[in-house]
Amino acid sequence: MPAKNEEYARSVPLLNMVFALCSLGLLLGTLWMVWDDYYRSWRPVQRQFQALTAKHTEEALRQAEQAVNQEELKKIQEELQAVETRSKEKRKQLDELNEKRKRNTVRVYITDTNFKNTKSVFDAVRFAYEELAHQHSPRAAKKLEELHEVQKKLTEYKLANDQALTEQAEIKKQTEALVGDRAGLDMKRQDLLAAVDRLQKKLDAVAPKGLVMRAFEHVRNAPLLDFMAPDLKVQQVVLDNQNKDINFVTIPRVDRCQTCHLGADQAGYENDPQPFTTHPQQEIYLASKSPHPVDKVGCTVCHRGLDRATDFLDAAHWPDSPEQQAQWVKSHDWHPKEHETSPMLPSRFIESSCLPCHQGVVHIPDAKKWNHGKDLVERVGCYGCHKMKGFEGLRKAGPPLTRLTWKTDPQWAYPWIENPPAFRPATWMPRFFGLSNNSSPADVARTQQEIRGMVTYLFEKTEPGGFPKLPGTGDPPRGEKLVTSVGCLGCHAVARLEKSPPSLRRRFGPNLDGIGSKAKPEWIYAWVKDPKAYFPETRMPNMRLTDREALDITAYLETLKAPEGWKPGIAEADPKLQDELVKDQMRARMMEEEVEAKMASMSEHEKELYLGQRMITRYGCFGCHLIQGFETTPPIGTELSEEGSKEVDRLDFGFVHIPETRQDWITEKLKNPRIFDEGKVKSPDEKLKMPLFNLTPEEREAVVTVILSMVKEKPQMASTYLLDSRHKALEAGRRLVQEHNCQGCHLLDGEGQDIRVTIARQLMEEGLGEEEADSRAVAFSPPYITGEGARVRSDWLFRFLKDPTPIRPWLSVRMPTFGFTDEENNTLLKYFTALSQSDFPFETPPVQPFPPAEIAAGKKLTSTDYFNCFSCHQQGARKPEGDPSGWAPDLALARSRLRPAWIEDWIKDPQKLYPGTKMPSYFDPGSFETSGPDDVLGGDENKQIQAMRDYLLTLGSDRSGS
Amino acid sequence: MQWFKSAVDWLCNPPILFTLIFIVFFLAYLWKKLTWLWTPRACVVIFLAGGLFVAYGLTDPNFRAIVTKPDNVPIVGMLFLTGFFSWLSMYLGTRNDARIGKNLPPEEKLESEIKILVWPDLVYTEFLCMILWSVLLIIWSIYLKAPIEEPANPAKTPNPSKAPWYFLGLQEMLVYYDPWIAGVLLPGLIIVGLMALPYIDPNKKGNGYYTFAERKWEILTFQFGYLVLWVMMIITGTFFRGPNQNFFGPFERWDVHKVVPLSNINLSEVFWVKMLNLGLPGNWLVREGLGIILVLAYFTVIPMFLGRTLFKRFFEKMGMVRFQILMFLLLCMVSLPIKMYLRWLFNMHYVVAIPEYFFNI
């Protein structure tokens, strides 16, 4: 301390004051820091959820209370009351018994303890003796003696304990006899009120009542104290099998989403607002028995975003729509999270998360949008220009152009290339010209010469030859009838005939509009007769048309002309401009002098050919079409195999102001493939060249979903969906089904029969009402074949697929000949049997010959006296009477075609195998035992069915139907 | 106000900015008419103007994005502190100079005669400062979170990739010099040079008190190296270097796709190809001869010349060895702005370029 008389430079009281203020500031700052660290955004959210749960629980509690059987409760309570009264009356005896019980309790305790202690001593002595005996020690004998002693004591204690317990039971019995079974009644009462009690406990936990309990709530959640037993806490699942790559190391995912999304895996919050809403489709997602249990799969594997985040913005939520964005900006001050490499997927693209685990399948179960997108990618042929993992080895999406002169002429090809939708609005062929970056007059002049070059090249590089003249003339109305009835419309659409936009499967083959202005009649005739003759790889099957039918169809298709205003013709040649273009192309590849020399040596035609060849290279026509000279040229587009993981800043947004995300960029690109050239100065060769595809907004979204699903991250094997041999067979079959569009005609695997709408339309034109036409159309449509594997014999199906014969002669729609190879046929056979889980390929036939009595009974049951099977079913050449829509397949074929087990199942309950079938159910599955006739085979339904089966197996000859 | 922003952006183009700074620096220190700068009134005016500029700038999204980045906030603070203490030293220096002119002792002399107690005058005040700083740091840490970014990815480095702010001056040098010069030699010389200062400068004047008139040359040299080169380079690196290390004005958007022509050439190419119309000689010694001669001349002829003319007084006072060391250090320092201008104005890559031996100057 300074001496009193010393002077200070500053006033000490003032300094003290400043010190006090500073200290206060430090204290407040520290408290603020603790609060700032403690008060996270999820805490109030959990409080809200507690309130919500309390509300729901109160509601449930009220309902549970109402559901309690009041009568029984009253009865129990009355009995309890009676017990109470009796114990008052017989107080003296009861007191005595109670006294006895107390003493007994002590005895039980002592004897039990004695026994247990001695038991441990016994075990120890036994061990010691065994050791000594093993060592042949002289002390062993003494130890054995000790052991026996202890054992004796043990037995004594056991006995004493047993006696005490017996006495205990006796006292209990006496008490019950005296006043009644109070404990039993209590138990009954508890059972009755179990639901109420459970809910009450839950309610007490989420919404404690009383000052003390509420204060305790706050204390246990207080900062620093909340390490012990808080009820507000971060909820997380650690996913050891879902690793996350953070570049230098992989770490397990730790999903904390449920810190706020508390109701996600609980039923009962379906109608509550986010973040509490129950996750939709619990049977598929989150529930512990679903294929995606939350403790194994978590949340961010599908939704992406930052797994460990516990804050709305940190988690990198991403809005699904501008409305949602506006709402989030208001409620959460939402903005894109900086530095987040994997923000959440907007929910409309969520199905793009399925693929990484569901690799190698044709369609992903329940992923409707992704499946649609995948079908579109295959149909449109994205993989022609862009390498895409999972789409390797697919056929080129467009027809080959190697025999172009056989089919059409340059006058048609020129305007087609220039603007395909002008000729055929619904075409899959995309548009390359007249788009946002090549529509200026200079661009148009240039592209005209480019297209001229391409047309010249394509018609020059073509195989010589052509088809012979038509053998006669056809009748267009008859042709139209054939086109609409034999099955063409399962894969093709004709705008003139459509009432609503055709489904994707009905756009499998090209739209037939304008075919008359496009293809030569000779080509159409040859093509419909035998498509593979012109294009061996085509998916178009052979419909086994007669010459007459082919001629009629040709005549009809010839009437389908180009839309009005469309004119064939080629733009004028502009040799000067063409020279410029050719030179530009050459300059990029050779020196100026060489260019000049080469130009001088080329004729106009050669220059045109050169330009054409360069332009086909530039636009990548060979991605979809087989073109001579381009058989092995690699595709021109960016590889998309990992597009879903591409860094966003590697995407050029140019001067287009859209949100900087992958999905927005790809969507914009599909909407206008040239948009990112906007405002840029580029030479013609530098310009973007992706063509514009004719897709609706929904279709675009589906395609974007597929592209986003192609990511770099590979999930661990443990979490991938592995295919067992049955599923492998299914997927191989589905691939073939997809490639041949079987579902265009057949209902298979729960989907398809798109052709039915055209048949219903046909029936309506014949004068039926809409509803009736719809129901009758089922009968006139190709059959459902989901259960085909269980229904037909493998050998029959094999023969049938190779060379189909009519099963249902009343149908005008035909099963085409696809020309499957043996391998493909077997794949399909395996697929069908795997689908219906039946044996492949053969099963044991019933033992023949059948007893004559049984056959007789079977015959009797099928006769007009009983089930009258042949009133609908054909038998060999014998056709049933009545309207063909009521006819059913030839039973003479049953023997060679059907699996015996299936015949039984079918007769027993047809609706189970083929919901909606016309086949009557003669045996009521509800009262099977009494549903059959009583006077045949002793009224035994199973025997009756077997007799009918066996009878059917005797019909026809071995060769019939094969 | 768009014109203002455009004007600022234009002024912040480094060749212009640095030229301006050079001029302002020398004028402020040497032009007699500008001594009013070292008055409190001028200080208030300058700081108000600076504050207003920043406040106005914050209304611009691009300016705001750069200045309020948690990494950059301390640098903005540092700018004002540097400015204030530079001003303070000159303010106190000029006051003392006036006193010395009147044959009075400097103010510090008076202060040194006052007796002050360790407790409470020193320790108590320090303690209070400590507490206040703690409060400030706590609040700062609550408001500005640690600038954490995405997980480091070797395949995708941040653009721009920047060193911590205190190294941005060094990083800036790397643009103009080979790594071994910019990263090793020059920083080494800075440290060695600072260590050598007491031996080079035996002038006892200014010890323990502020003065400018008595140490004009020393202060000017140091402040040039510190303010104009070191601090300005940090500012440039922090605020003006954007994506792809391109220059951006403070009101300009940091566009990743901005393209600037980069076609740097070496002196040897200028000499042999452009001037003599000959090909580059195969022998590196011949090829780089001119550059080597120029560099050697820079370090030998200039000291000799200056020692006889402008710096004659120093040469005589310091002697040969000291003078040579001083000149070497000084020339090294000045070589940086020289190289910067050569780059900006002539796209000069290297004066001496011997990639065969990884030796470039």
# chains A, B, ... in the order shown; residues from 1 in each chain; ligands from 1
$ residues_around --residues "Ile364 of chain A" --least-positions-apart "6" --cutoff "10 Å" --atoms "only C-alpha atoms" --output "list of chain:residue names"
A:Glu351, A:Cys354, A:Leu355, A:His358, A:Trp370, A:Asn371, A:Lys374
$ interface_residues --of "chain A" --to "chain B" --cutoff "8 Å" --atoms "only C-alpha atoms" --output "ChimeraX atom specification"
/A:1-2,8-10,12,15,18-19,22-23,25-26,29-30,33,36,246-248,338-341
$ residues_around --residues "Gly237 of chain B" --least-positions-apart "2" --cutoff "9 Å" --atoms "only C-alpha atoms" --output "ChimeraX atom specification"
/B:162,165,168-169,171-172,232-235,239-242,245
$ write_last_selection --atoms "C-alpha atoms" --output "tab-separated table (two decimals), in the first residue's frame"
chain	number	residue	atom	x	y	z
B	162	LYS	CA	-6.39	-17.01	-49.45
B	165	TRP	CA	-4.98	-12.05	-43.37
B	168	LEU	CA	-1.80	-11.78	-47.41
B	169	GLY	CA	1.08	-9.36	-47.97
B	171	GLN	CA	0.83	-14.00	-50.74
B	172	GLU	CA	0.61	-10.81	-52.76
B	232	MET	CA	-1.40	-1.87	-48.49
B	233	MET	CA	-0.58	-5.34	-49.76
B	234	ILE	CA	-2.70	-6.87	-47.00
B	235	ILE	CA	-5.53	-4.54	-47.98
B	239	PHE	CA	-10.36	-6.62	-50.32
B	240	PHE	CA	-9.33	-6.42	-53.94
B	241	ARG	CA	-8.30	-9.97	-54.81
B	242	GLY	CA	-11.35	-11.98	-55.77
B	245	GLN	CA	-6.88	-13.99	-57.83
$ residues_around --residues "Thr456 of chain A" --least-positions-apart "2" --cutoff "8 Å" --atoms "only C-alpha atoms" --output "JSON list (two decimals) with C-alpha atoms, in the first residue's frame"
[["chain", "number", "residue", "atom", "x", "y", "z"],
["A", 410, "PRO", "CA", -34.73, -35.73, -99.08],
["A", 452, "ARG", "CA", -28.64, -29.40, -96.63],
["A", 453, "GLY", "CA", -25.24, -30.90, -95.99],
["A", 454, "MET", "CA", -26.61, -33.43, -93.52],
["A", 458, "LEU", "CA", -27.49, -39.19, -95.20],
["A", 459, "PHE", "CA", -29.00, -39.92, -98.60],
["A", 460, "GLU", "CA", -25.60, -40.52, -100.13],
["A", 608, "GLU", "CA", -21.78, -30.40, -99.25],
["A", 609, "LEU", "CA", -20.98, -33.96, -98.19],
["A", 612, "GLY", "CA", -22.88, -32.72, -93.75]]
$ residues_around --residues "Leu955 of chain A" --least-positions-apart "3" --cutoff "12 Å" --atoms "only C-alpha atoms" --output "PyMOL selection string"
chain A and resi 855+858-859+874-876+890-897+948-952+958-961
$ write_last_selection --atoms "C-alpha atoms" --output "mmCIF file, in the first residue's frame"
data_model
loop_
_atom_site.group_PDB
_atom_site.id
_atom_site.type_symbol
_atom_site.label_atom_id
_atom_site.label_comp_id
_atom_site.auth_asym_id
_atom_site.auth_seq_id
_atom_site.Cartn_x
_atom_site.Cartn_y
_atom_site.Cartn_z
ATOM 1 C CA ILE A 855 -63.534 -88.841 -64.616
ATOM 2 C CA GLY A 858 -65.741 -84.619 -63.337
ATOM 3 C CA LYS A 859 -67.652 -84.868 -66.584
ATOM 4 C CA GLN A 874 -64.667 -73.542 -76.143
ATOM 5 C CA GLN A 875 -63.815 -77.203 -76.461
ATOM 6 C CA GLY A 876 -61.680 -77.872 -79.479
ATOM 7 C CA ASP A 890 -60.532 -73.643 -75.142
ATOM 8 C CA LEU A 891 -60.578 -76.325 -72.453
ATOM 9 C CA ALA A 892 -59.163 -78.817 -74.915
ATOM 10 C CA LEU A 893 -55.907 -76.921 -74.571
ATOM 11 C CA ALA A 894 -55.862 -77.269 -70.790
ATOM 12 C CA ARG A 895 -53.966 -80.508 -70.832
ATOM 13 C CA SER A 896 -50.998 -79.216 -72.720
ATOM 14 C CA ARG A 897 -51.180 -75.659 -71.504
ATOM 15 C CA MET A 948 -63.001 -81.682 -62.683
ATOM 16 C CA ARG A 949 -59.284 -81.021 -63.003
ATOM 17 C CA ASP A 950 -58.613 -84.613 -63.937
ATOM 18 C CA TYR A 951 -61.477 -84.633 -66.383
ATOM 19 C CA LEU A 952 -60.152 -81.517 -68.069
ATOM 20 C CA ASP A 958 -51.448 -84.382 -76.422
ATOM 21 C CA ARG A 959 -50.660 -82.374 -79.510
ATOM 22 C CA SER A 960 -53.528 -79.951 -79.332
ATOM 23 C CA GLY A 961 -52.579 -76.382 -78.914
#
$ residues_around --residues "Ala550 of chain A" --least-positions-apart "5" --cutoff "12 Å" --atoms "only C-alpha atoms" --output "ChimeraX atom specification"
/A:470-476,478-480,482-483,486,521-531,542-545,555-557
$ residues_around --residues "segment 45-54 of chain B" --least-positions-apart "4" --cutoff "8 Å" --atoms "only C-alpha atoms" --output "ChimeraX atom specification"
/B:41,58,80
$ write_last_selection --atoms "C-alpha atoms" --output "PDB file, in the first residue's frame"
ATOM      1  CA  ARG B  41      -9.054  18.380 -36.290  1.00  0.00           C
ATOM      2  CA  LEU B  58     -22.135  -1.145 -46.355  1.00  0.00           C
ATOM      3  CA  PHE B  80      -8.461   2.346 -38.570  1.00  0.00           C
TER       4      PHE B  80
END
$ atom_distance --atom1 "atom CA of Ser137 of chain A" --atom2 "atom CA of Lys119 of chain A"
24.4 Å
$ select_by_dssp --residues "segment 261-373 of chain A" --states "strand (DSSP E)" --output "list in words"
Tyr285, Leu286, His292 and Pro293 of chain A
$ write_last_selection --atoms "N, CA and C atoms" --output "JSON list (two decimals), in the first residue's frame"
[["chain", "number", "residue", "atom", "x", "y", "z"],
["A", 285, "TYR", "N", -41.30, -46.27, -44.81],
["A", 285, "TYR", "CA", -40.21, -45.47, -44.24],
["A", 285, "TYR", "C", -40.32, -45.34, -42.73],
["A", 286, "LEU", "N", -39.17, -45.36, -42.09],
["A", 286, "LEU", "CA", -38.99, -45.02, -40.68],
["A", 286, "LEU", "C", -39.45, -46.08, -39.67],
["A", 292, "HIS", "N", -37.09, -49.42, -44.48],
["A", 292, "HIS", "CA", -36.15, -48.32, -44.19],
["A", 292, "HIS", "C", -36.30, -47.86, -42.75],
["A", 293, "PRO", "N", -35.96, -48.69, -41.75],
["A", 293, "PRO", "CA", -36.13, -48.26, -40.36],
["A", 293, "PRO", "C", -35.21, -47.09, -40.04]]
$ closest_residue --among "B:Val192, B:Ala42, B:Val334, B:Val73" --to "Val228 of chain B" --atoms "only C-alpha atoms"
B:Val334
$ closest_residue --among "A:Met590, A:Ala287, A:Val377, A:Ile666" --to "Gln266 of chain A" --atoms "only C-alpha atoms"
A:Ala287
